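Undergrad: Below is the file run_11.pdb, which contains PDB, C-alpha atoms.
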MODEL        1
ATOM      1  CA  ARG A  28      68.891 118.467  89.432  1.00  0.00           C
ATOM      2  CA  LYS A  29      70.908 115.673  87.864  1.00  0.00           C
ATOM      3  CA  GLU A  30      74.596 115.500  88.718  1.00  0.00           C
ATOM      4  CA  VAL A  31      75.587 115.688  85.070  1.00  0.00           C
ATOM      5  CA  GLU A  32      73.243 116.814  82.314  1.00  0.00           C
ATOM      6  CA  GLN A  33      73.529 116.804  78.571  1.00  0.00           C
ATOM      7  CA  ASP A  34      71.187 117.642  75.736  1.00  0.00           C
ATOM      8  CA  PRO A  35      70.426 114.215  74.231  1.00  0.00           C
ATOM      9  CA  GLY A  36      70.123 115.593  70.710  1.00  0.00           C
ATOM     10  CA  PRO A  37      70.279 114.276  68.095  1.00  0.00           C
ATOM     11  CA  PHE A  38      72.354 116.958  66.476  1.00  0.00           C
ATOM     12  CA  ASN A  39      72.157 116.503  62.711  1.00  0.00           C
ATOM     13  CA  VAL A  40      74.835 118.554  60.996  1.00  0.00           C
ATOM     14  CA  PRO A  41      76.250 118.592  57.461  1.00  0.00           C
ATOM     15  CA  GLU A  42      79.813 117.563  56.774  1.00  0.00           C
ATOM     16  CA  GLY A  43      82.206 120.419  57.345  1.00  0.00           C
ATOM     17  CA  ALA A  44      80.013 122.140  59.913  1.00  0.00           C
ATOM     18  CA  THR A  45      81.089 123.218  63.367  1.00  0.00           C
ATOM     19  CA  VAL A  46      79.078 121.814  66.235  1.00  0.00           C
ATOM     20  CA  ALA A  47      79.242 122.408  69.974  1.00  0.00           C
ATOM     21  CA  PHE A  48      77.885 120.438  72.921  1.00  0.00           C
ATOM     22  CA  ASN A  49      77.510 121.585  76.482  1.00  0.00           C
ATOM     23  CA  CYS A  50      77.382 119.552  79.647  1.00  0.00           C
ATOM     24  CA  THR A  51      76.384 120.970  83.021  1.00  0.00           C
ATOM     25  CA  TYR A  52      77.356 119.552  86.396  1.00  0.00           C
ATOM     26  CA  SER A  53      75.865 120.193  89.809  1.00  0.00           C
ATOM     27  CA  ASN A  54      78.808 119.636  92.176  1.00  0.00           C
ATOM     28  CA  SER A  55      80.751 122.878  92.253  1.00  0.00           C
ATOM     29  CA  ALA A  56      83.702 121.107  93.907  1.00  0.00           C
ATOM     30  CA  SER A  57      84.223 118.742  90.962  1.00  0.00           C
ATOM     31  CA  GLN A  58      87.831 118.492  89.906  1.00  0.00           C
ATOM     32  CA  SER A  59      88.192 116.429  86.758  1.00  0.00           C
ATOM     33  CA  PHE A  60      86.221 116.466  83.552  1.00  0.00           C
ATOM     34  CA  PHE A  61      86.297 114.327  80.460  1.00  0.00           C
ATOM     35  CA  TRP A  62      84.693 113.834  77.081  1.00  0.00           C
ATOM     36  CA  TYR A  63      84.181 110.307  75.823  1.00  0.00           C
ATOM     37  CA  ARG A  64      82.926 109.123  72.482  1.00  0.00           C
ATOM     38  CA  GLN A  65      80.706 106.055  72.235  1.00  0.00           C
ATOM     39  CA  ASP A  66      79.789 104.374  68.996  1.00  0.00           C
ATOM     40  CA  CYS A  67      76.684 102.243  68.796  1.00  0.00           C
ATOM     41  CA  ARG A  68      77.050  99.073  70.872  1.00  0.00           C
ATOM     42  CA  LYS A  69      80.694  99.814  71.640  1.00  0.00           C
ATOM     43  CA  GLU A  70      82.577 100.894  74.719  1.00  0.00           C
ATOM     44  CA  PRO A  71      83.158 104.562  75.553  1.00  0.00           C
ATOM     45  CA  LYS A  72      86.522 105.788  74.305  1.00  0.00           C
ATOM     46  CA  LEU A  73      88.278 108.669  76.005  1.00  0.00           C
ATOM     47  CA  LEU A  74      88.320 111.622  73.645  1.00  0.00           C
ATOM     48  CA  MET A  75      89.976 114.171  75.867  1.00  0.00           C
ATOM     49  CA  SER A  76      90.356 115.370  79.409  1.00  0.00           C
ATOM     50  CA  VAL A  77      89.180 118.919  80.031  1.00  0.00           C
ATOM     51  CA  TYR A  78      91.614 121.235  81.740  1.00  0.00           C
ATOM     52  CA  SER A  79      90.924 124.556  83.401  1.00  0.00           C
ATOM     53  CA  SER A  80      92.787 126.394  80.673  1.00  0.00           C
ATOM     54  CA  GLY A  81      90.918 124.562  77.945  1.00  0.00           C
ATOM     55  CA  ASN A  82      92.558 122.197  75.527  1.00  0.00           C
ATOM     56  CA  GLU A  83      92.597 121.400  71.860  1.00  0.00           C
ATOM     57  CA  ASP A  84      93.303 118.240  69.939  1.00  0.00           C
ATOM     58  CA  GLY A  85      93.097 118.701  66.205  1.00  0.00           C
ATOM     59  CA  ARG A  86      89.517 119.559  65.310  1.00  0.00           C
ATOM     60  CA  PHE A  87      88.316 119.112  68.883  1.00  0.00           C
ATOM     61  CA  THR A  88      88.360 121.813  71.551  1.00  0.00           C
ATOM     62  CA  ALA A  89      87.209 121.367  75.132  1.00  0.00           C
ATOM     63  CA  GLN A  90      86.486 124.182  77.551  1.00  0.00           C
ATOM     64  CA  LEU A  91      85.645 124.349  81.240  1.00  0.00           C
ATOM     65  CA  ASN A  92      83.540 127.117  82.748  1.00  0.00           C
ATOM     66  CA  ARG A  93      83.682 126.734  86.502  1.00  0.00           C
ATOM     67  CA  ALA A  94      81.585 129.799  87.242  1.00  0.00           C
ATOM     68  CA  SER A  95      78.638 128.447  85.288  1.00  0.00           C
ATOM     69  CA  GLN A  96      79.500 124.815  85.972  1.00  0.00           C
ATOM     70  CA  TYR A  97      79.620 123.476  82.481  1.00  0.00           C
ATOM     71  CA  ILE A  98      82.063 121.958  80.056  1.00  0.00           C
ATOM     72  CA  SER A  99      81.854 122.193  76.311  1.00  0.00           C
ATOM     73  CA  LEU A 100      83.114 120.288  73.315  1.00  0.00           C
ATOM     74  CA  LEU A 101      83.556 121.971  69.957  1.00  0.00           C
ATOM     75  CA  ILE A 102      84.066 119.955  66.799  1.00  0.00           C
ATOM     76  CA  ARG A 103      85.241 121.827  63.726  1.00  0.00           C
ATOM     77  CA  ASP A 104      85.007 120.620  60.141  1.00  0.00           C
ATOM     78  CA  SER A 105      82.764 117.683  61.052  1.00  0.00           C
ATOM     79  CA  LYS A 106      83.458 114.379  59.344  1.00  0.00           C
ATOM     80  CA  LEU A 107      81.055 111.534  58.732  1.00  0.00           C
ATOM     81  CA  SER A 108      83.207 109.473  61.095  1.00  0.00           C
ATOM     82  CA  ASP A 109      82.425 111.900  63.931  1.00  0.00           C
ATOM     83  CA  SER A 110      78.898 110.479  64.087  1.00  0.00           C
ATOM     84  CA  ALA A 111      78.605 108.986  67.560  1.00  0.00           C
ATOM     85  CA  THR A 112      77.288 109.709  71.031  1.00  0.00           C
ATOM     86  CA  TYR A 113      79.437 112.056  73.081  1.00  0.00           C
ATOM     87  CA  LEU A 114      79.450 111.510  76.831  1.00  0.00           C
ATOM     88  CA  CYS A 115      80.703 113.973  79.345  1.00  0.00           C
ATOM     89  CA  ALA A 116      82.062 112.672  82.628  1.00  0.00           C
ATOM     90  CA  VAL A 117      82.794 114.350  85.935  1.00  0.00           C
ATOM     91  CA  ASN A 118      85.043 113.140  88.748  1.00  0.00           C
ATOM     92  CA  PRO A 119      84.370 114.931  92.043  1.00  0.00           C
ATOM     93  CA  SER A 120      87.849 114.578  93.445  1.00  0.00           C
ATOM     94  CA  GLY A 121      90.204 114.189  90.530  1.00  0.00           C
ATOM     95  CA  GLY A 122      91.611 111.037  92.024  1.00  0.00           C
ATOM     96  CA  TYR A 123      90.357 107.525  92.406  1.00  0.00           C
ATOM     97  CA  GLN A 124      86.633 107.944  92.601  1.00  0.00           C
ATOM     98  CA  LYS A 125      83.581 107.018  90.660  1.00  0.00           C
ATOM     99  CA  VAL A 126      82.974 109.104  87.624  1.00  0.00           C
ATOM    100  CA  THR A 127      79.470 110.327  86.876  1.00  0.00           C
ATOM    101  CA  PHE A 128      78.491 110.248  83.237  1.00  0.00           C
ATOM    102  CA  GLY A 129      75.936 112.251  81.375  1.00  0.00           C
ATOM    103  CA  THR A 130      73.463 110.372  79.241  1.00  0.00           C
ATOM    104  CA  GLY A 131      75.216 111.527  76.093  1.00  0.00           C
ATOM    105  CA  THR A 132      74.570 113.748  73.116  1.00  0.00           C
ATOM    106  CA  LYS A 133      74.016 112.026  69.810  1.00  0.00           C
ATOM    107  CA  LEU A 134      75.710 113.526  66.770  1.00  0.00           C
ATOM    108  CA  GLN A 135      74.843 112.568  63.217  1.00  0.00           C
ATOM    109  CA  VAL A 136      76.994 114.089  60.496  1.00  0.00           C
ATOM    110  CA  ILE A 137      75.179 114.077  57.170  1.00  0.00           C
ATOM    111  CA  PRO A 138      76.862 113.949  53.758  1.00  0.00           C
TER     112      PRO A 138
ATOM    113  CA  ASN B   7     100.177  96.785  75.308  1.00  0.00           C
ATOM    114  CA  ALA B   8      96.792  95.156  75.680  1.00  0.00           C
ATOM    115  CA  GLY B   9      93.883  97.299  76.700  1.00  0.00           C
ATOM    116  CA  VAL B  10      91.170  96.424  79.161  1.00  0.00           C
ATOM    117  CA  MET B  11      89.823  92.965  78.474  1.00  0.00           C
ATOM    118  CA  GLN B  12      86.405  91.657  79.293  1.00  0.00           C
ATOM    119  CA  ASN B  13      84.847  88.283  78.773  1.00  0.00           C
ATOM    120  CA  PRO B  14      82.569  86.933  77.733  1.00  0.00           C
ATOM    121  CA  ARG B  15      81.513  89.564  75.232  1.00  0.00           C
ATOM    122  CA  HIS B  16      78.003  88.157  75.102  1.00  0.00           C
ATOM    123  CA  LEU B  17      76.296  86.121  77.786  1.00  0.00           C
ATOM    124  CA  VAL B  18      72.836  84.601  77.688  1.00  0.00           C
ATOM    125  CA  ARG B  19      71.252  83.346  80.880  1.00  0.00           C
ATOM    126  CA  ARG B  20      67.822  82.118  81.850  1.00  0.00           C
ATOM    127  CA  ARG B  21      66.023  83.673  84.772  1.00  0.00           C
ATOM    128  CA  GLY B  22      67.363  82.331  88.055  1.00  0.00           C
ATOM    129  CA  GLN B  23      70.808  81.411  86.741  1.00  0.00           C
ATOM    130  CA  GLU B  24      74.077  83.044  87.721  1.00  0.00           C
ATOM    131  CA  ALA B  25      76.128  85.371  85.549  1.00  0.00           C
ATOM    132  CA  ARG B  26      79.860  85.873  85.979  1.00  0.00           C
ATOM    133  CA  LEU B  27      81.529  88.721  84.147  1.00  0.00           C
ATOM    134  CA  ARG B  28      85.304  89.071  84.065  1.00  0.00           C
ATOM    135  CA  CYS B  29      87.518  92.076  83.617  1.00  0.00           C
ATOM    136  CA  SER B  30      91.287  92.251  83.282  1.00  0.00           C
ATOM    137  CA  PRO B  31      92.600  95.803  83.646  1.00  0.00           C
ATOM    138  CA  MET B  32      95.325  97.325  81.546  1.00  0.00           C
ATOM    139  CA  LYS B  33      98.833  96.308  82.512  1.00  0.00           C
ATOM    140  CA  GLY B  34      99.998  98.324  85.483  1.00  0.00           C
ATOM    141  CA  HIS B  35      96.488  99.443  86.452  1.00  0.00           C
ATOM    142  CA  SER B  36      95.237  98.399  89.858  1.00  0.00           C
ATOM    143  CA  HIS B  37      91.924 100.273  89.968  1.00  0.00           C
ATOM    144  CA  VAL B  38      88.827  98.766  88.420  1.00  0.00           C
ATOM    145  CA  TYR B  39      85.361 100.264  88.027  1.00  0.00           C
ATOM    146  CA  TRP B  40      82.200  98.513  86.887  1.00  0.00           C
ATOM    147  CA  TYR B  41      79.393 100.337  85.095  1.00  0.00           C
ATOM    148  CA  ARG B  42      76.044  99.221  83.727  1.00  0.00           C
ATOM    149  CA  GLN B  43      74.398 100.673  80.666  1.00  0.00           C
ATOM    150  CA  LEU B  44      70.800 100.006  79.781  1.00  0.00           C
ATOM    151  CA  PRO B  45      69.658 100.497  76.167  1.00  0.00           C
ATOM    152  CA  GLU B  46      69.388 104.180  75.276  1.00  0.00           C
ATOM    153  CA  GLU B  47      70.564 105.170  78.746  1.00  0.00           C
ATOM    154  CA  GLY B  48      73.771 106.458  80.265  1.00  0.00           C
ATOM    155  CA  LEU B  49      76.473 104.636  82.126  1.00  0.00           C
ATOM    156  CA  LYS B  50      75.674 104.008  85.758  1.00  0.00           C
ATOM    157  CA  PHE B  51      78.466 103.447  88.259  1.00  0.00           C
ATOM    158  CA  MET B  52      78.242 100.209  90.183  1.00  0.00           C
ATOM    159  CA  VAL B  53      81.436  99.524  92.115  1.00  0.00           C
ATOM    160  CA  TYR B  54      85.064 100.556  92.439  1.00  0.00           C
ATOM    161  CA  LEU B  55      87.709  98.054  93.486  1.00  0.00           C
ATOM    162  CA  GLN B  56      91.398  97.927  94.074  1.00  0.00           C
ATOM    163  CA  LYS B  57      93.297  94.693  94.412  1.00  0.00           C
ATOM    164  CA  GLU B  58      91.552  92.655  97.133  1.00  0.00           C
ATOM    165  CA  ASN B  59      89.477  95.627  98.296  1.00  0.00           C
ATOM    166  CA  ILE B  60      86.067  97.060  97.535  1.00  0.00           C
ATOM    167  CA  ILE B  61      86.451 100.815  97.831  1.00  0.00           C
ATOM    168  CA  ASP B  62      83.026 102.098  96.793  1.00  0.00           C
ATOM    169  CA  GLU B  63      80.003  99.894  96.140  1.00  0.00           C
ATOM    170  CA  SER B  64      77.404 102.640  96.402  1.00  0.00           C
ATOM    171  CA  GLY B  65      76.009 101.823  92.966  1.00  0.00           C
ATOM    172  CA  MET B  66      75.565  98.109  93.512  1.00  0.00           C
ATOM    173  CA  PRO B  67      72.082  96.711  94.072  1.00  0.00           C
ATOM    174  CA  LYS B  68      71.840  95.444  97.626  1.00  0.00           C
ATOM    175  CA  GLU B  69      70.933  91.909  96.664  1.00  0.00           C
ATOM    176  CA  ARG B  70      72.185  89.390  94.130  1.00  0.00           C
ATOM    177  CA  PHE B  71      75.154  91.484  92.956  1.00  0.00           C
ATOM    178  CA  SER B  72      78.709  91.114  94.187  1.00  0.00           C
ATOM    179  CA  ALA B  73      82.164  92.007  92.941  1.00  0.00           C
ATOM    180  CA  GLU B  74      85.707  91.045  93.715  1.00  0.00           C
ATOM    181  CA  PHE B  75      89.199  91.803  92.505  1.00  0.00           C
ATOM    182  CA  PRO B  76      91.512  89.112  93.855  1.00  0.00           C
ATOM    183  CA  LYS B  77      95.248  89.410  94.226  1.00  0.00           C
ATOM    184  CA  GLU B  78      95.698  87.185  91.218  1.00  0.00           C
ATOM    185  CA  GLY B  79      93.361  87.112  88.246  1.00  0.00           C
ATOM    186  CA  PRO B  80      90.644  89.293  86.832  1.00  0.00           C
ATOM    187  CA  SER B  81      87.965  91.266  88.586  1.00  0.00           C
ATOM    188  CA  ILE B  82      84.644  89.407  88.697  1.00  0.00           C
ATOM    189  CA  LEU B  83      81.154  90.875  88.729  1.00  0.00           C
ATOM    190  CA  ARG B  84      78.724  88.207  89.837  1.00  0.00           C
ATOM    191  CA  ILE B  85      74.970  88.369  89.472  1.00  0.00           C
ATOM    192  CA  GLN B  86      73.003  85.638  91.196  1.00  0.00           C
ATOM    193  CA  GLN B  87      69.476  84.577  90.247  1.00  0.00           C
ATOM    194  CA  VAL B  88      69.352  86.864  87.251  1.00  0.00           C
ATOM    195  CA  VAL B  89      66.089  88.552  86.255  1.00  0.00           C
ATOM    196  CA  ARG B  90      65.087  90.117  82.936  1.00  0.00           C
ATOM    197  CA  GLY B  91      65.832  93.583  84.301  1.00  0.00           C
ATOM    198  CA  ASP B  92      69.497  92.635  84.603  1.00  0.00           C
ATOM    199  CA  SER B  93      69.808  92.567  80.811  1.00  0.00           C
ATOM    200  CA  ALA B  94      72.251  95.318  79.966  1.00  0.00           C
ATOM    201  CA  ALA B  95      75.780  96.047  78.822  1.00  0.00           C
ATOM    202  CA  TYR B  96      78.282  95.826  81.649  1.00  0.00           C
ATOM    203  CA  PHE B  97      81.497  97.753  81.168  1.00  0.00           C
ATOM    204  CA  CYS B  98      84.564  97.781  83.295  1.00  0.00           C
ATOM    205  CA  ALA B  99      87.141 100.533  83.258  1.00  0.00           C
ATOM    206  CA  SER B 100      90.650 100.575  84.642  1.00  0.00           C
ATOM    207  CA  GLN B 101      92.701 103.439  85.948  1.00  0.00           C
ATOM    208  CA  GLY B 102      96.413 103.765  86.540  1.00  0.00           C
ATOM    209  CA  ASP B 103      98.348 106.712  87.890  1.00  0.00           C
ATOM    210  CA  SER B 104      96.481 109.329  85.885  1.00  0.00           C
ATOM    211  CA  ASN B 105      92.882 110.300  86.585  1.00  0.00           C
ATOM    212  CA  GLU B 106      91.663 108.836  83.297  1.00  0.00           C
ATOM    213  CA  GLN B 107      89.586 105.673  83.050  1.00  0.00           C
ATOM    214  CA  PHE B 108      89.825 103.356  80.063  1.00  0.00           C
ATOM    215  CA  PHE B 109      87.003 101.027  79.175  1.00  0.00           C
ATOM    216  CA  GLY B 110      86.864  97.430  78.110  1.00  0.00           C
ATOM    217  CA  PRO B 111      84.621  96.256  75.259  1.00  0.00           C
ATOM    218  CA  GLY B 112      81.845  95.275  77.628  1.00  0.00           C
ATOM    219  CA  THR B 113      79.776  92.179  78.275  1.00  0.00           C
ATOM    220  CA  ARG B 114      76.266  92.166  76.892  1.00  0.00           C
ATOM    221  CA  LEU B 115      74.058  90.168  79.216  1.00  0.00           C
ATOM    222  CA  THR B 116      70.731  88.902  77.960  1.00  0.00           C
ATOM    223  CA  VAL B 117      68.364  87.248  80.394  1.00  0.00           C
ATOM    224  CA  LEU B 118      65.698  85.097  78.777  1.00  0.00           C
TER     225      LEU B 118
ENDMDL
END
In structure tokens, write the structure found in this file.
TA:
Amino acid sequence: RKEVEQDPGPFNVPEGATVAFNCTYSNSASQSFFWYRQDCRKEPKLLMSVYSSGNEDGRFTAQLNRASQYISLLIRDSKLSDSATYLCAVNPSGGYQKVTFGTGTKLQVIP
Amino acid sequence: NAGVMQNPRHLVRRRGQEARLRCSPMKGHSHVYWYRQLPEEGLKFMVYLQKENIIDESGMPKERFSAEFPKEGPSILRIQQVVRGDSAAYFCASQGDSNEQFFGPGTRLTVL
């Protein structure tokens, strides 16, 4: 089983739709979780950290489910500019350690 | 407040040459990570460095690759005797006091 797994997509959704991505991780002791956004041929940009209690930033909501070992990202009212690849990342310790990335889920928002 | 800087942004080398990639972390950050991304693939961890120390190089190929982060100056990822399979985007990320890593724009290495 891969350390971090994501559905590669692509997810093609119309503008205004709500879309959700999941990301599963294998190390039950993992401490820190993140969602990054990567546009084509650009660097990953931190979208949000994922906290145990869940967190929301505008149209974006991230959740952590420790029991089932997955994190999720929900995007409401999708915009064309949301089209990108969304990478989840897991840090085993929460401190200074390598982060393992999923291969990303591609989102295409269609007019 | 400048972000993570990498140069060059694009690098073309012929097989057998050396490639040197540089990364300057964000101001106040002393932790640097290097990742490699092949086309249509995910980011793969290579090495984690603090100033003057290699902390984790578990993702580095055993031969031809080396990294350093001197007391003064940028972190350097060095690839000797490059081969076509080394063609990829190389990203560095820096980390400060929080547990979040911030990425530079990457260096795209093409080996002819």
Undergrad: Assuming the chain letters and numbering stay as they are in my file, what does the ChimeraX specification (/B :<9) & /A actually select? List them as a JSON list (two decimals) with C-alpha atoms, in the frame of the given file.
TA:
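Contents of expr_15.json, freshly written:
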[["chain", "number", "residue", "atom", "x", "y", "z"],
["A", 59, "SER", "CA", 88.19, 116.43, 86.76],
["A", 61, "PHE", "CA", 86.30, 114.33, 80.46],
["A", 68, "ARG", "CA", 77.05, 99.07, 70.87],
["A", 69, "LYS", "CA", 80.69, 99.81, 71.64],
["A", 70, "GLU", "CA", 82.58, 100.89, 74.72],
["A", 71, "PRO", "CA", 83.16, 104.56, 75.55],
["A", 72, "LYS", "CA", 86.52, 105.79, 74.31],
["A", 73, "LEU", "CA", 88.28, 108.67, 76.00],
["A", 76, "SER", "CA", 90.36, 115.37, 79.41],
["A", 114, "LEU", "CA", 79.45, 111.51, 76.83],
["A", 118, "ASN", "CA", 85.04, 113.14, 88.75],
["A", 121, "GLY", "CA", 90.20, 114.19, 90.53],
["A", 122, "GLY", "CA", 91.61, 111.04, 92.02],
["A", 123, "TYR", "CA", 90.36, 107.52, 92.41],
["A", 124, "GLN", "CA", 86.63, 107.94, 92.60],
["A", 125, "LYS", "CA", 83.58, 107.02, 90.66],
["A", 126, "VAL", "CA", 82.97, 109.10, 87.62],
["A", 127, "THR", "CA", 79.47, 110.33, 86.88],
["A", 128, "PHE", "CA", 78.49, 110.25, 83.24],
["A", 129, "GLY", "CA", 75.94, 112.25, 81.38],
["A", 130, "THR", "CA", 73.46, 110.37, 79.24],
["A", 131, "GLY", "CA", 75.22, 111.53, 76.09]]
Undergrad: When you draw a straight line from atom CA of B:Gln23 to atom CA of B:Gln86, how long is it in Å?
TA: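 These atoms are spaced 6.5 Å apart.
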Undergrad: Determine, using all atoms listed in the file, which residues of stretch 49-70 of chain A have any atom at most 10 Å from an atom of stretch 29-35 of chain A, and tabulate each with its shortest atom pair and distance in Å to one decimal place, rows ordered by chain and then rising number, as a Markdown table.
TA:
| residue | atom | partner | partner_atom | distance |
| --- | --- | --- | --- | --- |
| A:Asn49 | CA | A:Gln33 | CA | 6.6 |
| A:Cys50 | CA | A:Gln33 | CA | 4.9 |
| A:Thr51 | CA | A:Glu32 | CA | 5.3 |
| A:Tyr52 | CA | A:Val31 | CA | 4.5 |
| A:Ser53 | CA | A:Glu30 | CA | 5.0 |
| A:Asn54 | CA | A:Glu30 | CA | 6.8 |
Undergrad: Name every residue that the PyMOL selection byres ((chain B and resi 18) around 6) selects in this structure, writing the answer as a list of chain:residue names with chains first and numbers rising.
TA: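 Applied to this file, the PyMOL selection byres ((chain B and resi 18) around 6) selects B:Leu17, B:Arg19, B:Leu115, B:Thr116, B:Val117.
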Undergrad: To one decimal place, how far is atom CA of A:Thr132 from atom CA of A:Glu83 in Å?
TA: 19.6 Å
Undergrad: Between atom CA of A:Tyr97 and atom CA of A:Phe38, what is the distance, to one decimal in Å?
TA: 18.7 Å
Undergrad: Got a sec to resolve the PyMOL selection byres ((chain A and resi 93) around 10) on this structure and send the residues as a PyMOL selection string?
TA: chain A and resi 51-52+55-58+79+90-92+94-98
Undergrad: Compare B:Met32, B:Ile85, B:Ala73, B:Ala94 by their minimum atom-to-atom distance to B:Val10, counting all atoms listed in the file, and give me the closest one.
TA: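 Selected residue with least distance to B:Val10: B:Met32.
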Undergrad: Residues at most 8 Å from B:Glu58, counting all atoms listed in the file, excluding those fewer than 4 positions away in the same chain, as a PyMOL selection string?
TA: chain B and resi 74-77
Undergrad: Using all atoms listed in the file, collect all residues at a distance of at most 7 Å from (89.1, 120.3, 68.3) as written in the file, then present them as a list in words.
TA: Glu83, Asp84, Gly85, Arg86, Phe87, Thr88, Leu101, Ile102 and Arg103 of chain A
Undergrad: Which residues come within 9 Å of A:Asp104, counting all atoms listed in the file, excluding same-chain residues fewer than 4 positions away, as JSON, numbers by chain?
TA: {"A": [42, 43, 44, 45, 46, 86]}
Undergrad: Let's have the selection written as a PDB file, keeping the file's coordinate frame, with C-alpha atoms.
TA:
ATOM      1  CA  GLU A  42      79.813 117.563  56.774  1.00  0.00           C
ATOM      2  CA  GLY A  43      82.206 120.419  57.345  1.00  0.00           C
ATOM      3  CA  ALA A  44      80.013 122.140  59.913  1.00  0.00           C
ATOM      4  CA  THR A  45      81.089 123.218  63.367  1.00  0.00           C
ATOM      5  CA  VAL A  46      79.078 121.814  66.235  1.00  0.00           C
ATOM      6  CA  ARG A  86      89.517 119.559  65.310  1.00  0.00           C
TER       7      ARG A  86
END
Undergrad: Neighbouring residues of A:Pro37 were defined as those with any atom within 7 Å, considering only C-alpha atoms; residues of the same chain fewer than 6 positions away were excluded. Please report them as JSON, numbers by chain.
TA: {"A": [132, 133, 134, 135]}
Undergrad: Would you save stretch 34-46 of chain A to a file, keeping N, CA, C and O atoms, as a compact mmCIF listing (two decimals), in the first residue's frame?
TA:
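Now in decode05.txt:
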# COMPACT_ATOMS: atom_id res chain seq x y z
N ASP A 34 -6.96 9.67 -5.65
CA ASP A 34 -7.58 9.38 -6.94
C ASP A 34 -7.04 10.41 -7.93
O ASP A 34 -7.16 11.62 -7.71
N PRO A 35 -6.41 9.97 -9.01
CA PRO A 35 -5.78 10.93 -9.93
C PRO A 35 -6.77 11.79 -10.71
O PRO A 35 -6.40 12.84 -11.24
N GLY A 36 -8.03 11.33 -10.77
CA GLY A 36 -9.02 12.06 -11.56
C GLY A 36 -8.81 11.80 -13.04
O GLY A 36 -8.31 10.74 -13.42
N PRO A 37 -9.13 12.72 -13.94
CA PRO A 37 -9.55 14.08 -13.61
C PRO A 37 -11.00 14.16 -13.16
O PRO A 37 -11.82 13.34 -13.55
N PHE A 38 -11.26 15.14 -12.33
CA PHE A 38 -12.61 15.48 -11.94
C PHE A 38 -13.02 16.66 -12.82
O PHE A 38 -12.42 17.71 -12.75
N ASN A 39 -14.02 16.44 -13.66
CA ASN A 39 -14.53 17.52 -14.50
C ASN A 39 -15.86 17.97 -13.92
O ASN A 39 -16.82 17.17 -13.89
N VAL A 40 -15.92 19.20 -13.43
CA VAL A 40 -17.14 19.66 -12.78
C VAL A 40 -17.54 21.01 -13.39
O VAL A 40 -16.69 21.79 -13.81
N PRO A 41 -18.83 21.30 -13.40
CA PRO A 41 -19.28 22.61 -13.92
C PRO A 41 -19.03 23.69 -12.88
O PRO A 41 -18.97 23.44 -11.67
N GLU A 42 -18.89 24.90 -13.35
CA GLU A 42 -18.79 26.05 -12.45
C GLU A 42 -19.93 26.04 -11.45
O GLU A 42 -21.07 25.73 -11.81
N GLY A 43 -19.63 26.37 -10.22
CA GLY A 43 -20.66 26.44 -9.20
C GLY A 43 -20.89 25.14 -8.46
O GLY A 43 -21.56 25.11 -7.43
N ALA A 44 -20.32 24.06 -8.97
CA ALA A 44 -20.53 22.76 -8.33
C ALA A 44 -19.68 22.65 -7.06
O ALA A 44 -18.73 23.40 -6.84
N THR A 45 -20.06 21.67 -6.25
CA THR A 45 -19.27 21.30 -5.08
C THR A 45 -18.53 20.01 -5.41
O THR A 45 -19.11 19.08 -5.97
N VAL A 46 -17.26 19.98 -5.07
CA VAL A 46 -16.46 18.79 -5.38
C VAL A 46 -15.64 18.43 -4.15
O VAL A 46 -15.23 19.31 -3.38
